[in-house]
Every structure is written in C-alpha cells, then in structure tokens.
Amino acid sequence: ITDKIRCRFPQFANRCKTLINGVDVDVFESSHRHLVSGKDNVKQLLFVGRVSPEKGIHVLLDAFQLVVKRYPKVHLTIVGAHESLPVAFLAGLSDDVLTRKLEQFHNVDYMSYLNRKLSPELSNHVTFTGSVSHRLIKDYYQIADVVVLPSICNEPCALPLFEAMAASVPVVASNGGGTPEIIVDRKNGLLVERGDAPALAEAILSLISDEAL
C-alpha cells in the first residue's frame, strides 16, 4: 500500500511511512500449549479470519483434501464470521489477476459453496466455529499445530500472522501483498503461491509430518 501511494503521488513519497501491525504477546504467549490438544495425536490446523472468497478458504479445502489422503489424523478448524465482502468491491477495484477471478463468486452463497466441497468423510475433519470473541481467539492458537492463511487477495498486513507467531505456532501463508514483509520463507513460516492448492497441501504436510521443522 505504501509503495503504491509513493508511485501514485511521488510529491508526497517522503511523507509515507509503513506501520506494521502488532499484538500483545503476553496475551498469546503461553507455557500451556497443547495441554488440551493432541487427542489421539491428531494434528490441528487453524484458519482465523472472515469466511469470504478473498481469504481463499475454498483453496484451503482443496488443499486439505489432499492432506487428509496422506495424513488422515488431522483436523482443520476455521474460526471467523461468515461475512463475505461484496465481490464487486474486491474484483471490480483490483488490477490483480487472481483477485479479479473472484468475480466467479458474484451472487454465490460462499458458505453453501464451501459446504458442497465437503464430502461426508472430509466434513468429519473440518469445524466451522463461526464468529468468536477476540478474547477467546488465543485459546484456538494454543491448541493449533499449524496456522494457515491461504488468501487470494494481496493481504496488506494480516493480524493472524502476528497472533500465530506470538503463540509460537508455525505459519503457512500465501506469498502476496505485505505477507512476505512479515513471513520469511523457511525462517518464521512457509510461503506458497496464491491459489495453488497442491503447493499449500505440500507445505502443510511438510510441517505436520516433521516435528523438528
């Protein structure tokens, strides 16, 4: 965002500063991680955010289907309100090719679309919580093994990345927008190309199958 403003208004470039989001580490940091997780050694994947097309949950479900085939003892929890932004607001105002492809969800009930992706077998591995109070969000991070942010849009500065790192949970995220300024691939997370479900699945599998990593 800062770079685009500098390019569009060069006369004001020296006034532009980027302020990175942050979280209260004390809220998310805990010595009690996994005390209530690890039931039957099931790996816990977590998505936190609005259930909306630009967040790429449809891509996550495609990837998760591949994950379950190779690693059945895994569960995905999707935490967030079922509130889709108007597709025209995103695709219509964007010059990004992948974001413009979200026009396919115009006049589509996104939650119904996601449910149709879930086979009876896969649905046993997925939980949609709906909206959760922010003071309770930390509890989900505490039991997570991996946090996934599969956004299609170019996320400017996604708060779940900071929350996950504060809670000492590894991250798999889409390589777009401001995310590469926050996540350095294979240093504090894994980055994959936006919209690439097989690559997303491989990144998730590499973490849940390798405790040292």
# chains A, B, ... in the order shown; residues from 1 in each chain; ligands from 1

$ residues_around --residues "Val148 (chain A)" --least-positions-apart "2" --cutoff "9 Å" --atoms "only C-alpha atoms" --output "list in words"
Leu45, Leu46, Phe47, Val48, Leu60, Val146, Pro150, Leu161, Pro170, Val171, Val172, Ala173, Ser174, Leu200 and Ile204 of chain A

$ write_last_selection --atoms "C-alpha atoms" --output "PDB file, in the first residue's frame"
ATOM      1  CA  LEU A  45      -4.728 -26.867  11.550  1.00  0.00           C
ATOM      2  CA  LEU A  46      -6.208 -23.420  12.161  1.00  0.00           C
ATOM      3  CA  PHE A  47      -7.552 -20.652   9.959  1.00  0.00           C
ATOM      4  CA  VAL A  48      -8.570 -17.365  11.581  1.00  0.00           C
ATOM      5  CA  LEU A  60      -7.647 -24.341   1.698  1.00  0.00           C
ATOM      6  CA  VAL A 146      -0.139 -25.023  12.136  1.00  0.00           C
ATOM      7  CA  PRO A 150      -4.374 -19.005   2.143  1.00  0.00           C
ATOM      8  CA  LEU A 161       0.298 -13.971  11.217  1.00  0.00           C
ATOM      9  CA  PRO A 170       4.242 -22.225  12.650  1.00  0.00           C
ATOM     10  CA  VAL A 171       2.580 -20.491   9.708  1.00  0.00           C
ATOM     11  CA  VAL A 172       1.814 -21.392   6.106  1.00  0.00           C
ATOM     12  CA  ALA A 173       0.742 -18.325   4.130  1.00  0.00           C
ATOM     13  CA  SER A 174       0.139 -17.045   0.611  1.00  0.00           C
ATOM     14  CA  LEU A 200      -0.426 -25.362   0.006  1.00  0.00           C
ATOM     15  CA  ILE A 204       1.152 -28.157   5.405  1.00  0.00           C
TER      16      ILE A 204
END

$ residues_around --residues "Ser123 (chain A)" --least-positions-apart "2" --cutoff "12 Å" --atoms "only C-alpha atoms" --output "ChimeraX atom specification"
/A:61,64-65,68,74-77,114-121,125-128

$ write_last_selection --atoms "C-alpha atoms" --output "tab-separated table (two decimals), in the first residue's frame"
chain	number	residue	atom	x	y	z
A	61	LEU	CA	-10.38	-27.00	1.49
A	64	PHE	CA	-6.90	-30.05	2.93
A	65	GLN	CA	-8.50	-32.84	0.91
A	68	VAL	CA	-6.17	-35.90	4.58
A	74	VAL	CA	-5.54	-34.16	11.05
A	75	HIS	CA	-8.31	-31.67	11.78
A	76	LEU	CA	-8.99	-28.20	10.38
A	77	THR	CA	-10.73	-25.52	12.44
A	114	LEU	CA	-17.79	-24.41	0.78
A	115	ASN	CA	-20.18	-26.95	2.26
A	116	ARG	CA	-20.62	-28.53	-1.17
A	117	LYS	CA	-16.86	-29.07	-1.25
A	118	LEU	CA	-17.03	-31.16	1.90
A	119	SER	CA	-17.62	-34.84	1.30
A	120	PRO	CA	-19.17	-36.70	4.26
A	121	GLU	CA	-15.72	-38.11	5.06
A	125	HIS	CA	-12.18	-33.42	9.71
A	126	VAL	CA	-13.43	-29.81	9.47
A	127	THR	CA	-15.06	-27.49	12.01
A	128	PHE	CA	-16.53	-24.06	11.24

$ atom_distance --atom1 "CA of Cys7 (chain A)" --atom2 "CA of Ile183 (chain A)"
24.3 Å

$ atom_distance --atom1 "CA of Arg50 (chain A)" --atom2 "CA of Gly80 (chain A)"
4.9 Å

$ closest_atom_pairs --of "region 122-158 of chain A" --to "region 84-96 of chain A" --cutoff "12 Å" --atoms "only C-alpha atoms" --output "tab-separated table"
residue	atom	partner	partner_atom	distance
A:Ile152	CA	A:Asp96	CA	9.9
A:Cys153	CA	A:Asp96	CA	8.1
A:Asn154	CA	A:Asp96	CA	8.5
A:Glu155	CA	A:Leu90	CA	11.9

$ closest_residue --among "A:Gln142, A:Phe28, A:Val51, A:Lys17" --to "Thr129 (chain A)" --atoms "only C-alpha atoms"
A:Val51

$ closest_residue --among "A:Gly130, A:Pro160, A:Pro180, A:Pro72" --to "Asn41 (chain A)" --atoms "only C-alpha atoms"
A:Pro72

$ closest_residue --among "A:Gln44, A:Ser209, A:Thr179, A:Ser151" --to "Asp196 (chain A)" --atoms "only C-alpha atoms"
A:Ser151

$ residues_around --residues "Arg70 (chain A)" --least-positions-apart "3" --cutoff "9 Å" --atoms "only C-alpha atoms" --output "ChimeraX atom specification"
/A:66-67,205

$ residues_around --residues "Val132 (chain A)" --least-positions-apart "3" --cutoff "7 Å" --atoms "only C-alpha atoms" --output "JSON, numbers by chain"
{"A": [79, 80, 136, 137]}

$ write_last_selection --atoms "all heavy atoms" --output "mmCIF file, in the first residue's frame"
data_model
loop_
_atom_site.group_PDB
_atom_site.id
_atom_site.type_symbol
_atom_site.label_atom_id
_atom_site.label_comp_id
_atom_site.auth_asym_id
_atom_site.auth_seq_id
_atom_site.Cartn_x
_atom_site.Cartn_y
_atom_site.Cartn_z
ATOM 1 N N VAL A 79 -12.026 -20.492 12.060
ATOM 2 C CA VAL A 79 -12.580 -19.553 13.035
ATOM 3 C C VAL A 79 -12.837 -18.213 12.346
ATOM 4 O O VAL A 79 -11.900 -17.583 11.842
ATOM 5 C CB VAL A 79 -11.616 -19.346 14.225
ATOM 6 C CG1 VAL A 79 -12.167 -18.292 15.183
ATOM 7 C CG2 VAL A 79 -11.385 -20.663 14.956
ATOM 8 N N GLY A 80 -14.083 -17.794 12.300
ATOM 9 C CA GLY A 80 -14.377 -16.498 11.716
ATOM 10 C C GLY A 80 -15.822 -16.371 11.303
ATOM 11 O O GLY A 80 -16.518 -17.371 11.068
ATOM 12 N N LEU A 136 -11.265 -14.865 23.121
ATOM 13 C CA LEU A 136 -11.204 -16.325 23.126
ATOM 14 C C LEU A 136 -10.343 -16.882 21.998
ATOM 15 O O LEU A 136 -10.057 -18.081 21.963
ATOM 16 C CB LEU A 136 -12.611 -16.916 23.018
ATOM 17 C CG LEU A 136 -13.578 -16.570 24.156
ATOM 18 C CD1 LEU A 136 -14.953 -17.169 23.878
ATOM 19 C CD2 LEU A 136 -13.036 -17.076 25.496
ATOM 20 N N ILE A 137 -9.951 -16.018 21.063
ATOM 21 C CA ILE A 137 -9.175 -16.465 19.907
ATOM 22 C C ILE A 137 -7.884 -17.157 20.353
ATOM 23 O O ILE A 137 -7.452 -18.158 19.780
ATOM 24 C CB ILE A 137 -8.842 -15.279 18.982
ATOM 25 C CG1 ILE A 137 -10.111 -14.769 18.289
ATOM 26 C CG2 ILE A 137 -7.802 -15.670 17.940
ATOM 27 C CD1 ILE A 137 -10.675 -15.703 17.254
#

$ closest_residue --among "A:Leu149, A:Ser52, A:Ala13, A:Met165" --to "Ser112 (chain A)" --atoms "only C-alpha atoms"
A:Ser52

$ closest_residue --among "A:Asn107, A:Asn124, A:Ser168, A:Ser206" --to "Ala144 (chain A)" --atoms "only C-alpha atoms"
A:Ser168

$ residues_around --residues "Glu163 (chain A)" --least-positions-apart "4" --cutoff "10 Å" --atoms "only C-alpha atoms" --output "tab-separated table (two decimals) with C-alpha atoms, in the first residue's frame"
chain	number	residue	atom	x	y	z
A	22	GLY	CA	1.29	-5.88	16.22
A	23	VAL	CA	-0.27	-7.91	19.00
A	24	ASP	CA	0.08	-8.12	22.76
A	25	VAL	CA	2.50	-11.04	23.01
A	27	VAL	CA	-1.99	-12.45	25.60
A	28	PHE	CA	-0.98	-15.13	23.10
A	29	GLU	CA	2.21	-16.47	24.62
A	48	VAL	CA	-8.57	-17.36	11.58
A	137	ILE	CA	-9.18	-16.47	19.91
A	138	LYS	CA	-5.99	-17.18	21.86
A	141	TYR	CA	-3.97	-20.78	18.82
A	147	VAL	CA	-1.89	-21.77	11.22
A	158	ALA	CA	-2.66	-9.87	8.24
A	159	LEU	CA	-3.08	-9.90	12.01
A	167	ALA	CA	1.62	-18.10	20.22
A	168	SER	CA	4.65	-19.99	18.82
A	169	VAL	CA	2.63	-21.69	16.08

$ atom_distance --atom1 "CA of Asn188 (chain A)" --atom2 "CA of His58 (chain A)"
24.8 Å
